[in-house]
>>> print(open('data38.txt').read())   # compact mmCIF, C-alpha atoms
# COMPACT_ATOMS: atom_id res chain seq x y z
CA MET R 56 7.43 26.48 9.00
CA THR R 57 8.71 23.81 11.31
CA LYS R 58 12.17 22.67 10.35
CA ARG R 59 11.90 19.33 12.03
CA SER R 60 13.04 16.17 10.36
CA LEU R 61 11.75 12.72 11.05
CA HIS R 62 13.50 10.85 13.84
CA LEU R 63 13.68 7.20 14.73
CA ARG R 64 10.64 7.42 16.99
CA ASP R 65 8.56 9.11 14.29
CA ILE R 66 9.53 6.53 11.71
CA ILE R 67 8.56 3.66 13.99
CA LEU R 68 5.30 5.47 14.77
CA LEU R 69 4.52 5.97 11.07
CA ALA R 70 5.19 2.31 10.34
CA LEU R 71 2.99 1.28 13.29
CA ILE R 72 0.17 3.53 12.04
CA GLY R 73 0.59 1.84 8.67
CA ILE R 74 0.21 -1.52 10.41
CA ILE R 75 -2.92 -0.38 12.30
CA PHE R 76 -4.57 0.72 9.08
CA GLY R 77 -3.38 -2.43 7.34
CA VAL R 78 -4.89 -4.63 10.04
CA ILE R 79 -8.20 -2.75 10.16
CA TYR R 80 -8.49 -2.49 6.37
CA PHE R 81 -7.97 -6.19 6.13
CA ALA R 82 -11.11 -6.65 8.19
CA ALA R 83 -12.93 -4.16 5.96
CA GLY R 84 -11.84 -5.88 2.75
CA PHE R 85 -15.27 -7.48 2.37
CA VAL R 86 -16.75 -4.01 1.82
CA TYR R 87 -14.74 -3.74 -1.37
CA ASN R 88 -15.71 -7.21 -2.57
CA GLY R 89 -19.35 -6.72 -1.60
CA LEU R 90 -19.57 -3.44 -3.50
CA THR R 91 -17.85 -5.05 -6.48
CA ILE R 92 -20.42 -7.83 -6.61
CA LEU R 93 -23.27 -5.35 -6.28
CA LEU R 94 -22.01 -2.90 -8.88
CA THR R 95 -20.71 -5.26 -11.56
CA PRO R 96 -24.12 -6.29 -12.97
CA ILE R 97 -25.02 -2.64 -13.65
CA GLY R 98 -21.70 -2.03 -15.37
CA TYR R 99 -20.04 -0.03 -12.61
CA GLY R 100 -17.86 -2.79 -11.09
CA PRO R 101 -14.66 -0.73 -10.96
CA MET R 102 -16.55 2.02 -9.11
CA ALA R 103 -16.14 -0.08 -5.96
CA ASN R 104 -12.54 1.00 -6.24
CA ASP R 105 -13.51 4.69 -6.30
CA LEU R 106 -16.06 4.36 -3.52
CA THR R 107 -13.54 2.73 -1.18
CA MET R 108 -10.50 4.73 -2.27
CA GLY R 109 -10.85 7.13 0.65
CA ILE R 110 -10.49 4.24 3.10
CA TRP R 111 -7.09 3.23 1.70
CA CYS R 112 -5.83 6.80 1.83
CA MET R 113 -6.51 7.57 5.50
CA ALA R 114 -3.03 6.84 6.84
CA GLY R 115 -1.37 9.70 4.92
CA PRO R 116 -3.47 12.68 6.02
CA LEU R 117 -3.63 11.32 9.57
CA ALA R 118 0.16 11.01 9.73
CA GLY R 119 0.44 14.56 8.41
CA PHE R 120 -1.86 15.82 11.13
CA LEU R 121 -0.20 13.87 13.89
CA LEU R 122 3.44 14.73 13.19
CA LYS R 123 3.06 18.05 11.34
CA THR R 124 6.36 17.49 9.56
CA PRO R 125 7.10 17.65 5.84
CA GLY R 126 7.30 14.11 4.50
CA ALA R 127 5.19 12.54 7.26
CA ALA R 128 2.06 12.22 5.12
CA PHE R 129 3.99 10.67 2.26
CA LEU R 130 5.88 8.25 4.46
CA GLY R 131 2.79 7.26 6.46
CA GLU R 132 0.87 6.41 3.33
CA PHE R 133 3.77 4.69 1.60
CA LEU R 134 4.70 2.55 4.60
CA GLY R 135 1.05 1.62 5.05
CA ALA R 136 0.92 0.36 1.49
CA ALA R 137 4.23 -1.48 1.78
CA ILE R 138 3.02 -3.22 4.93
CA GLU R 139 -0.23 -4.18 3.21
CA MET R 140 1.89 -5.91 0.60
CA PHE R 141 3.62 -7.90 3.33
CA LEU R 142 0.26 -8.76 4.85
CA GLY R 143 -0.71 -10.05 1.39
CA ASP R 144 -3.60 -8.13 -0.13
CA GLN R 145 -5.30 -7.77 -3.49
CA TRP R 146 -2.81 -5.52 -5.22
CA GLY R 147 0.53 -7.17 -4.48
CA ALA R 148 3.56 -5.43 -5.88
CA ALA R 149 1.51 -2.59 -7.37
CA ASN R 150 0.81 -1.56 -3.78
CA LEU R 151 4.26 -0.03 -3.51
CA ILE R 152 3.64 2.14 -6.55
CA SER R 153 0.07 2.99 -5.52
CA GLY R 154 1.39 3.79 -2.05
CA ALA R 155 3.93 6.21 -3.49
CA VAL R 156 1.26 7.81 -5.71
CA GLN R 157 -1.20 8.15 -2.82
CA GLY R 158 1.60 9.43 -0.60
CA ILE R 159 2.38 12.21 -3.06
CA GLY R 160 -1.33 13.06 -3.23
CA ALA R 161 -1.63 13.25 0.55
CA GLU R 162 1.60 15.20 0.95
CA LEU R 163 0.61 17.80 -1.67
CA GLY R 164 -2.39 18.83 0.41
CA PHE R 165 -0.04 19.81 3.22
CA THR R 166 2.51 21.33 0.85
CA PHE R 167 -0.10 23.67 -0.61
CA THR R 168 -0.88 24.99 2.85
CA LEU R 169 2.88 25.31 3.51
CA TYR R 170 2.73 22.97 6.53
CA ARG R 171 1.25 25.83 8.54
CA MET R 172 -2.46 25.19 8.52
CA TYR R 173 -3.98 22.07 9.94
CA ASN R 174 -7.72 22.48 9.60
CA TRP R 175 -10.65 21.62 7.32
CA LEU R 176 -9.17 23.54 4.41
CA THR R 177 -6.02 21.38 4.55
CA LEU R 178 -8.14 18.26 4.52
CA LEU R 179 -10.25 19.53 1.65
CA ILE R 180 -7.16 20.33 -0.41
CA SER R 181 -5.50 17.04 0.42
CA SER R 182 -8.72 15.19 -0.53
CA LEU R 183 -8.70 17.00 -3.86
CA THR R 184 -5.04 16.31 -4.62
CA LEU R 185 -5.49 12.68 -3.54
CA THR R 186 -8.54 12.31 -5.79
CA PHE R 187 -6.89 13.66 -8.91
CA ILE R 188 -3.53 11.98 -8.49
CA THR R 189 -4.95 8.53 -7.69
CA PHE R 190 -7.45 8.87 -10.53
CA GLY R 191 -4.59 9.59 -12.90
CA TRP R 192 -2.79 6.47 -11.76
CA ASP R 193 -5.92 4.33 -12.14
CA TRP R 194 -6.31 5.72 -15.64
CA PHE R 195 -3.43 3.43 -16.55
CA ARG R 196 -3.53 0.71 -13.93
CA ASN R 197 -7.20 -0.20 -14.00
CA GLY R 198 -7.82 0.67 -17.64
CA TYR R 199 -10.04 3.67 -16.93
CA ASN R 200 -9.15 4.94 -20.41
CA HIS R 201 -11.51 2.30 -21.80
CA PHE R 202 -14.60 3.71 -20.09
CA SER R 203 -17.06 6.29 -21.40
CA GLY R 204 -16.89 9.94 -20.39
CA GLN R 205 -20.13 9.85 -18.42
CA MET R 206 -18.97 6.87 -16.40
CA LEU R 207 -15.62 8.51 -15.71
CA THR R 208 -17.31 11.67 -14.42
CA ILE R 209 -19.51 9.66 -12.06
CA MET R 210 -16.50 7.66 -10.85
CA LEU R 211 -14.44 10.81 -10.29
CA ILE R 212 -17.22 12.33 -8.19
CA ALA R 213 -17.67 9.06 -6.27
CA ARG R 214 -13.95 9.02 -5.58
CA PHE R 215 -13.93 12.58 -4.27
CA VAL R 216 -16.91 11.91 -1.99
CA SER R 217 -15.24 8.79 -0.61
CA MET R 218 -11.95 10.64 -0.19
CA PHE R 219 -13.60 13.49 1.68
CA VAL R 220 -15.68 11.24 3.94
CA PHE R 221 -12.84 8.94 4.98
CA SER R 222 -9.57 10.83 4.43
CA GLY R 223 -11.27 14.09 5.38
CA ILE R 224 -14.07 13.78 7.91
CA LEU R 225 -13.02 10.55 9.59
CA VAL R 226 -9.38 11.65 9.80
CA LYS R 227 -10.50 14.96 11.30
CA LEU R 228 -12.59 13.13 13.90
CA ILE R 229 -9.62 10.95 14.85
CA ALA R 230 -7.35 14.01 14.92
CA ASN R 231 -9.86 15.80 17.19
CA LEU R 232 -9.72 12.92 19.65
CA LEU R 233 -5.91 13.01 19.56
CA GLN R 234 -5.98 16.78 20.00
CA ARG R 235 -8.19 16.51 23.07
CA ALA R 236 -5.75 13.97 24.52
CA HIS R 237 -2.92 16.50 23.91
CA LEU R 238 -1.05 14.08 21.66
CA ILE R 239 -0.66 16.42 18.72
CA LYS R 240 2.21 18.88 18.92
CA GLN R 241 1.16 22.51 18.75
CA MET M 146 19.22 -12.81 -5.70
CA ASN M 147 20.10 -9.62 -3.84
CA PRO M 148 16.93 -8.33 -2.10
CA SER M 149 17.32 -4.71 -3.23
CA LEU M 150 17.81 -5.75 -6.85
CA LYS M 151 14.83 -8.08 -6.56
CA LEU M 152 12.68 -5.29 -5.11
CA PHE M 153 13.73 -2.95 -7.89
CA LEU M 154 12.98 -5.61 -10.50
CA VAL M 155 9.52 -6.31 -9.09
CA ILE M 156 8.62 -2.61 -8.94
CA PHE M 157 10.01 -1.97 -12.39
CA LEU M 158 8.09 -4.87 -13.94
CA SER M 159 4.84 -3.84 -12.24
CA LEU M 160 5.28 -0.30 -13.46
CA GLU M 161 6.20 -1.34 -16.99
CA LEU M 162 3.30 -3.77 -17.34
CA THR M 163 0.90 -1.07 -16.10
CA PHE M 164 1.67 1.07 -19.12
CA ILE M 165 1.79 -1.76 -21.66
CA THR M 166 -1.31 -3.49 -22.97
CA LYS M 167 0.13 -6.86 -23.95
CA LEU M 168 -1.35 -10.21 -23.05
CA TRP M 169 1.45 -12.74 -23.51
CA VAL M 170 3.96 -11.02 -21.30
CA ASN M 171 1.38 -10.99 -18.46
CA LEU M 172 0.72 -14.72 -18.84
CA ILE M 173 4.43 -15.59 -19.05
CA VAL M 174 5.23 -13.52 -15.95
CA ILE M 175 2.41 -15.24 -14.03
CA ILE M 176 3.62 -18.70 -15.07
CA ILE M 177 7.24 -17.92 -14.17
CA CYS M 178 6.09 -16.61 -10.77
CA LEU M 179 4.08 -19.79 -10.15
CA ILE M 180 7.08 -21.97 -11.06
CA ILE M 181 9.28 -20.00 -8.67
CA LEU M 182 6.67 -20.35 -5.92
CA MET M 183 6.41 -24.12 -6.52
CA HIS M 184 10.18 -24.36 -6.37
CA TYR M 185 10.04 -22.70 -2.95
CA ARG M 186 7.39 -25.21 -1.79
CA PHE M 187 4.41 -22.92 -1.72
CA HIS M 188 1.51 -24.60 0.07
CA TRP M 189 -1.59 -25.43 -2.00
CA ARG M 190 -3.76 -23.50 0.44
CA GLN M 191 -1.67 -20.42 -0.24
CA PHE M 192 -2.20 -21.07 -3.96
CA CYS M 193 -5.98 -21.03 -3.45
CA TRP M 194 -5.59 -17.75 -1.57
CA LEU M 195 -3.50 -16.36 -4.42
CA VAL M 196 -6.19 -17.27 -6.95
CA PHE M 197 -9.07 -16.04 -4.81
CA VAL M 198 -7.75 -12.69 -3.56
CA PRO M 199 -7.66 -10.77 -6.86
CA LEU M 200 -10.63 -12.63 -8.35
CA PHE M 201 -13.42 -10.15 -7.57
CA PRO M 202 -11.74 -6.95 -8.69
CA ALA M 203 -10.27 -8.71 -11.73
CA LEU M 204 -13.66 -10.11 -12.78
CA ALA M 205 -15.31 -6.73 -12.20
CA ILE M 206 -12.85 -4.97 -14.49
CA PHE M 207 -13.12 -7.74 -17.07
CA ILE M 208 -16.93 -7.71 -17.19
CA THR M 209 -17.12 -3.93 -17.21
CA ILE M 210 -14.69 -3.56 -20.09
CA VAL M 211 -16.05 -6.40 -22.20
CA LEU M 212 -19.77 -5.75 -21.68
CA PHE M 213 -20.18 -2.13 -20.69
CA SER M 214 -17.33 -0.06 -22.14
CA PRO M 215 -17.74 1.62 -25.55
CA GLY M 216 -14.96 -0.54 -27.07
CA HIS M 217 -16.30 -3.97 -25.90
CA SER M 218 -12.75 -5.25 -26.31
CA LEU M 219 -12.24 -8.84 -25.15
CA PHE M 220 -8.49 -8.40 -25.53
CA ASP M 221 -8.28 -5.34 -23.25
CA GLY M 222 -10.51 -7.07 -20.72
CA THR M 223 -8.25 -10.12 -20.62
CA VAL M 224 -5.12 -7.98 -20.35
CA LEU M 225 -6.49 -6.10 -17.34
CA PHE M 226 -7.76 -9.33 -15.79
CA SER M 227 -4.33 -10.93 -16.05
CA ARG M 228 -2.60 -7.73 -14.97
CA LEU M 229 -4.06 -7.95 -11.48
CA TYR M 230 -2.70 -11.48 -11.22
CA VAL M 231 0.69 -10.22 -12.38
CA TYR M 232 0.74 -7.69 -9.53
CA VAL M 233 -0.25 -10.24 -6.93
CA CYS M 234 2.10 -12.94 -8.22
CA LEU M 235 5.07 -10.57 -8.34
CA GLY M 236 4.24 -9.32 -4.86
CA THR M 237 3.87 -12.83 -3.48
CA VAL M 238 7.12 -14.04 -5.04
CA PHE M 239 8.89 -11.09 -3.48
CA THR M 240 7.41 -11.39 0.01
CA PHE M 241 7.63 -15.18 0.02
CA THR M 242 11.28 -15.41 -1.00
CA THR M 243 12.61 -12.40 0.89
CA ASN M 244 13.42 -12.19 4.54
CA THR M 245 12.62 -8.72 5.92
CA LEU M 246 15.82 -8.56 7.97
CA THR M 247 17.91 -9.30 4.88
CA LEU M 248 15.91 -6.72 2.94
CA ALA M 249 16.51 -4.06 5.60
CA ARG M 250 20.24 -4.85 5.67
CA SER M 251 20.44 -4.85 1.91
CA LEU M 252 18.61 -1.53 1.57
CA GLU M 253 20.95 -0.03 4.14
CA GLN M 254 24.17 -1.40 2.65
CA ASN M 255 23.44 -1.54 -1.08
CA CYS M 256 21.05 1.39 -1.51
CA HIS M 257 22.47 3.58 1.29
CA LEU M 258 19.08 4.04 2.89
CA PRO M 259 19.59 5.87 6.24
CA SER M 260 19.72 3.26 8.98
CA LYS M 261 16.93 4.96 10.96
CA TYR M 262 14.51 4.07 8.15
CA ALA M 263 15.82 0.54 7.62
CA TYR M 264 15.75 -0.44 11.29
CA GLY M 265 12.83 1.75 12.34
CA VAL M 266 10.52 0.08 9.84
CA LEU M 267 11.97 -3.34 10.59
CA ALA M 268 11.30 -2.86 14.31
CA ALA M 269 7.69 -1.95 13.52
CA LEU M 270 7.26 -4.88 11.12
CA ASN M 271 8.17 -7.28 13.89
CA LEU M 272 5.27 -5.86 15.88
CA ILE M 273 2.62 -6.86 13.29
CA PRO M 274 1.36 -9.86 15.31
CA LYS M 275 1.29 -7.80 18.51
CA MET M 276 -0.55 -5.00 16.75
CA LYS M 277 -3.17 -7.44 15.46
CA GLN M 278 -3.55 -8.66 19.02
CA ALA M 279 -3.86 -5.08 20.30
CA VAL M 280 -6.61 -4.25 17.79
CA THR M 281 -8.49 -7.41 18.78
CA THR M 282 -8.11 -6.42 22.44
CA ILE M 283 -9.60 -3.00 21.72
CA TYR M 284 -12.55 -4.60 19.91
CA THR M 285 -13.10 -7.08 22.77
CA ALA M 286 -12.74 -4.45 25.47
CA GLY M 287 -15.41 -2.45 23.66
CA HIS M 288 -17.72 -5.46 23.52
CA MET M 289 -17.31 -6.04 27.24
CA ARG M 290 -18.65 -2.56 27.86
CA GLY M 291 -21.42 -3.11 25.36
CA VAL M 292 -19.78 -0.81 22.82
CA ASN M 293 -19.56 -2.15 19.30
CA LEU M 294 -16.56 -0.58 17.57
CA HIS M 295 -16.79 -0.64 13.78
CA TRP M 296 -13.96 -0.14 11.36
CA TRP M 297 -15.27 3.36 10.74
CA SER M 298 -15.32 4.35 14.44
CA PRO M 299 -12.81 7.13 15.19
CA THR M 300 -12.45 5.70 18.71
CA LEU M 301 -11.03 2.45 17.36
CA TYR M 302 -8.28 4.29 15.47
CA PHE M 303 -7.71 6.65 18.38
CA LYS M 304 -7.13 3.82 20.82
CA ALA M 305 -4.91 1.93 18.40
CA ILE M 306 -2.85 5.08 17.78
CA LEU M 307 -2.40 5.51 21.54
CA VAL M 308 -0.89 2.05 21.61
CA ALA M 309 1.31 2.90 18.62
CA ILE M 310 2.58 6.11 20.23
CA GLN M 311 3.50 4.27 23.39
CA TRP M 312 5.22 1.43 21.58
CA SER M 313 7.15 3.71 19.27
CA ASP M 314 8.47 5.66 22.26
CA GLN M 315 9.51 2.50 24.04
CA LEU M 316 11.07 0.92 20.96
CA ALA M 317 13.03 4.04 20.07
CA GLN M 318 14.30 4.29 23.66
CA ALA M 319 15.22 0.63 23.69
CA MET M 320 17.11 0.92 20.42
CA GLU M 321 18.93 4.05 21.56
CA SER M 322 19.85 2.54 24.90
CA HIS M 323 21.39 -0.35 23.00
CA GLY M 324 23.66 2.07 21.19
CA PHE M 325 21.68 2.94 18.07
CA VAL M 326 22.55 6.51 17.06
CA GLU M 327 20.88 8.14 14.08
CA GLY M 328 23.20 9.00 11.24
CA GLN M 329 26.30 7.50 12.84
CA ALA M 330 28.54 5.14 10.87
CA ARG M 331 27.71 1.54 11.73
CA THR M 332 29.72 -1.63 11.63
CA ILE M 333 28.24 -4.47 9.60
CA THR M 334 27.51 -7.88 11.11
CA VAL M 335 26.22 -9.58 7.99
CA LYS M 336 27.42 -8.26 4.68
CA ILE M 337 24.89 -8.43 1.85
CA PRO M 338 26.87 -8.32 -1.39
CA ILE M 339 25.64 -7.72 -4.90
CA THR M 340 27.43 -10.40 -6.86
CA THR M 341 28.06 -10.62 -10.58
CA ARG M 342 25.53 -13.46 -10.64
CA ASP M 343 22.86 -11.11 -9.24
CA TRP M 344 23.54 -8.61 -12.00
CA VAL M 345 23.46 -11.36 -14.65
CA TYR M 346 20.09 -12.65 -13.37
CA PHE M 347 18.74 -9.14 -13.08
CA SER M 348 19.73 -7.98 -16.54
CA SER M 349 18.81 -11.23 -18.30
CA ILE M 350 15.30 -11.21 -16.77
CA LEU M 351 14.91 -7.59 -17.75
CA ILE M 352 16.09 -8.16 -21.33
CA LEU M 353 13.99 -11.33 -21.70
CA ILE M 354 10.84 -9.47 -20.64
CA GLN M 355 11.57 -6.66 -23.11
CA ILE M 356 11.96 -9.20 -25.92
CA ILE M 357 8.63 -10.82 -24.98
CA VAL M 358 6.95 -7.42 -24.82
CA ILE M 359 8.17 -6.49 -28.27
CA ALA M 360 7.73 -9.89 -29.95
CA LEU M 361 4.34 -11.12 -28.71
CA PRO M 362 0.92 -9.39 -28.80
>>> encode(input="data38.txt", output="structure tokens")
Amino acid sequence: MTKRSLHLRDIILLALIGIIFGVIYFAAGFVYNGLTILLTPIGYGPMANDLTMGIWCMAGPLAGFLLKTPGAAFLGEFLGAAIEMFLGDQWGAANLISGAVQGIGAELGFTFTLYRMYNWLTLLISSLTLTFITFGWDWFRNGYNHFSGQMLTIMLIARFVSMFVFSGILVKLIANLLQRAHLIKQ
Amino acid sequence: MNPSLKLFLVIFLSLELTFITKLWVNLIVIIICLIILMHYRFHWRQFCWLVFVPLFPALAIFITIVLFSPGHSLFDGTVLFSRLYVYVCLGTVFTFTTNTLTLARSLEQNCHLPSKYAYGVLAALNLIPKMKQAVTTIYTAGHMRGVNLHWWSPTLYFKAILVAIQWSDQLAQAMESHGFVEGQARTITVKIPITTRDWVYFSSILILIQIIVIALP
């Protein structure tokens, strides 16, 4: 296990990655609103949240892969959320709490592999922990406890798929590019 | 009010109202936030933005709960609708009335956050406009070569991260060459105190909200 702590450079880098995702997400915000408008008439409006959840959680796993240090995934995700609040997005102050929740979810994936493995399995585990932990938080925040069991199951599956596609596959593709450019520490 | 206390208050209120299904407290918090924003000369265009931003998700949750959930509860729907506005209003009040430099100083002095976090994040925050510019440049450079980069293209993120790595190296070097040493005791240029008045404001707002939560439905 690497006993490296985060230094000034890493912290600036994590915050900058948070900004990158914040800026790009902001452009992708219409996806969320579009899906909401499409899904609301059939009674699945909040599912837009589950379908896009993976997009909001990309910063954490990517930071974990890039720095390979305990705490990097959490901090990357949390700073990303905090910066989104400063950029002024839909969730305001709750962003800080969501960011912390998502950060824990992302970090757990790396904790379970003891910060030693950085491959598909890590991403699969971190997608799973992210899915369950963020779903638990939405249970309270977005009133998921009011919905029927069938709807919840569908939304949970939708969330995992989204999480795996964006925070798994897309993050892995970005990490592969970084790997080829020799930017990830071995 | 002291920025750290204000941040704590905003997070605490958001967290508390997440776990409480009460309508009046949401409405009162929203109104108080709007009054504070008016007091700080919030522009009417920013008000429109504030109303518009949470509208779609809030409506979606409202419609789904009222029309499609097993309970069909109008009350729960309204609570969740207003809750999103509570989040956004609290967030806006905080970001609009707080200077990030003061916040960083306050977190360092009052909450004893290690200075590398306080100033590292602050340094990055100041790069937001430049980062926006850099992302636009990447998009445009792609267009010039006939490559359309979408928000789901790995290349877009890869190129932006290259920029971030370079900038973070340069910034960290610049800060260190100006005498910033991690973990070393620092002198304070501007002292951010927590005054008795801050504590009085803080605790009275907190108590007032608890009374409203208990007293009103």
>>> atom_distance(input="data38.txt", atom1="atom CA of Asn150 of chain R", atom2="atom CA of Met108 of chain R")
13.0 Å
>>> interface_residues(input="data38.txt", of="chain R", to="chain M", cutoff="6 Å", atoms="all atoms listed in the file", output="list in words")
Leu63, Arg64, Ile66, Ile67, Leu68, Ala70, Leu71, Thr95, Gly98, Gly100, Pro101, Gln145, Trp146, Gly147, Ala148, Ala149, Arg196, Phe202 and Ile229 of chain R
>>> closest_residue(input="data38.txt", among="R:Leu232, R:Ala103, R:Leu117, R:Ile74", to="Ala136 of chain R", atoms="all atoms listed in the file")
R:Ile74
>>> atom_distance(input="data38.txt", atom1="atom CA of Lys123 of chain R", atom2="atom CA of Lys240 of chain R")
7.7 Å
>>> closest_residue(input="data38.txt", among="M:His184, M:Lys275, M:Arg250, M:His288", to="Pro338 of chain M", atoms="all atoms listed in the file")
M:Arg250
>>> residues_near_point(input="data38.txt", point="(-13.0, -2.6, 1.3)", cutoff="12 Å", atoms="all atoms listed in the file", output="count of residues only")
33
>>> atom_distance(input="data38.txt", atom1="atom CA of Tyr99 of chain R", atom2="atom CA of Met206 of chain R")
7.9 Å
>>> closest_residue(input="data38.txt", among="R:Asn200, R:Ser153, R:Thr166, R:Gln234", to="Gly126 of chain R", atoms="all atoms listed in the file")
R:Thr166
>>> closest_residue(input="data38.txt", among="R:Gly223, R:Phe141, R:Phe120, R:Arg214", to="Asn244 of chain M", atoms="all atoms listed in the file")
R:Phe141
>>> closest_residue(input="data38.txt", among="R:Gln157, R:Ser60, R:Thr124, R:Thr208", to="Trp192 of chain R", atoms="only C-alpha atoms")
R:Gln157
>>> residues_around(input="data38.txt", residues="Ile339 of chain M", least_positions_apart="3", cutoff="12 Å", atoms="all atoms listed in the file", output="PyMOL selection string")
chain M and resi 146-151+251-252+254-256+336+342-347
>>> residues_around(input="data38.txt", residues="Leu122 of chain R", least_positions_apart="3", cutoff="10 Å", atoms="only C-alpha atoms", output="compact mmCIF listing (two decimals) with C-alpha atoms, in the frame of the given file")
# COMPACT_ATOMS: atom_id res chain seq x y z
CA ARG R 59 11.90 19.33 12.03
CA LEU R 61 11.75 12.72 11.05
CA ASP R 65 8.56 9.11 14.29
CA LEU R 68 5.30 5.47 14.77
CA LEU R 69 4.52 5.97 11.07
CA LEU R 117 -3.63 11.32 9.57
CA ALA R 118 0.16 11.01 9.73
CA GLY R 119 0.44 14.56 8.41
CA PRO R 125 7.10 17.65 5.84
CA GLY R 126 7.30 14.11 4.50
CA ALA R 127 5.19 12.54 7.26
CA ALA R 128 2.06 12.22 5.12
CA LEU R 238 -1.05 14.08 21.66
CA ILE R 239 -0.66 16.42 18.72
CA LYS R 240 2.21 18.88 18.92
CA GLN R 241 1.16 22.51 18.75
>>> axis_aligned_box(input="data38.txt", around="segment 122-133 of chain R", padding_each_side="8 Å", output="lines of an AutoDock Vina configuration file")
center_x = 4.1
center_y = 11.4
center_z = 7.4
size_x = 22.4
size_y = 29.4
size_z = 27.6
>>> residues_around(input="data38.txt", residues="Thr177 of chain R", least_positions_apart="6", cutoff="7 Å", atoms="all atoms listed in the file", output="short mmCIF file (atom, residue, chain, number, x, y, z; two decimals) with C-alpha atoms, keeping the file's coordinate frame")
data_model
loop_
_atom_site.label_atom_id
_atom_site.label_comp_id
_atom_site.auth_asym_id
_atom_site.auth_seq_id
_atom_site.Cartn_x
_atom_site.Cartn_y
_atom_site.Cartn_z
CA GLY R 164 -2.39 18.83 0.41
CA PHE R 165 -0.04 19.81 3.22
CA THR R 168 -0.88 24.99 2.85
#
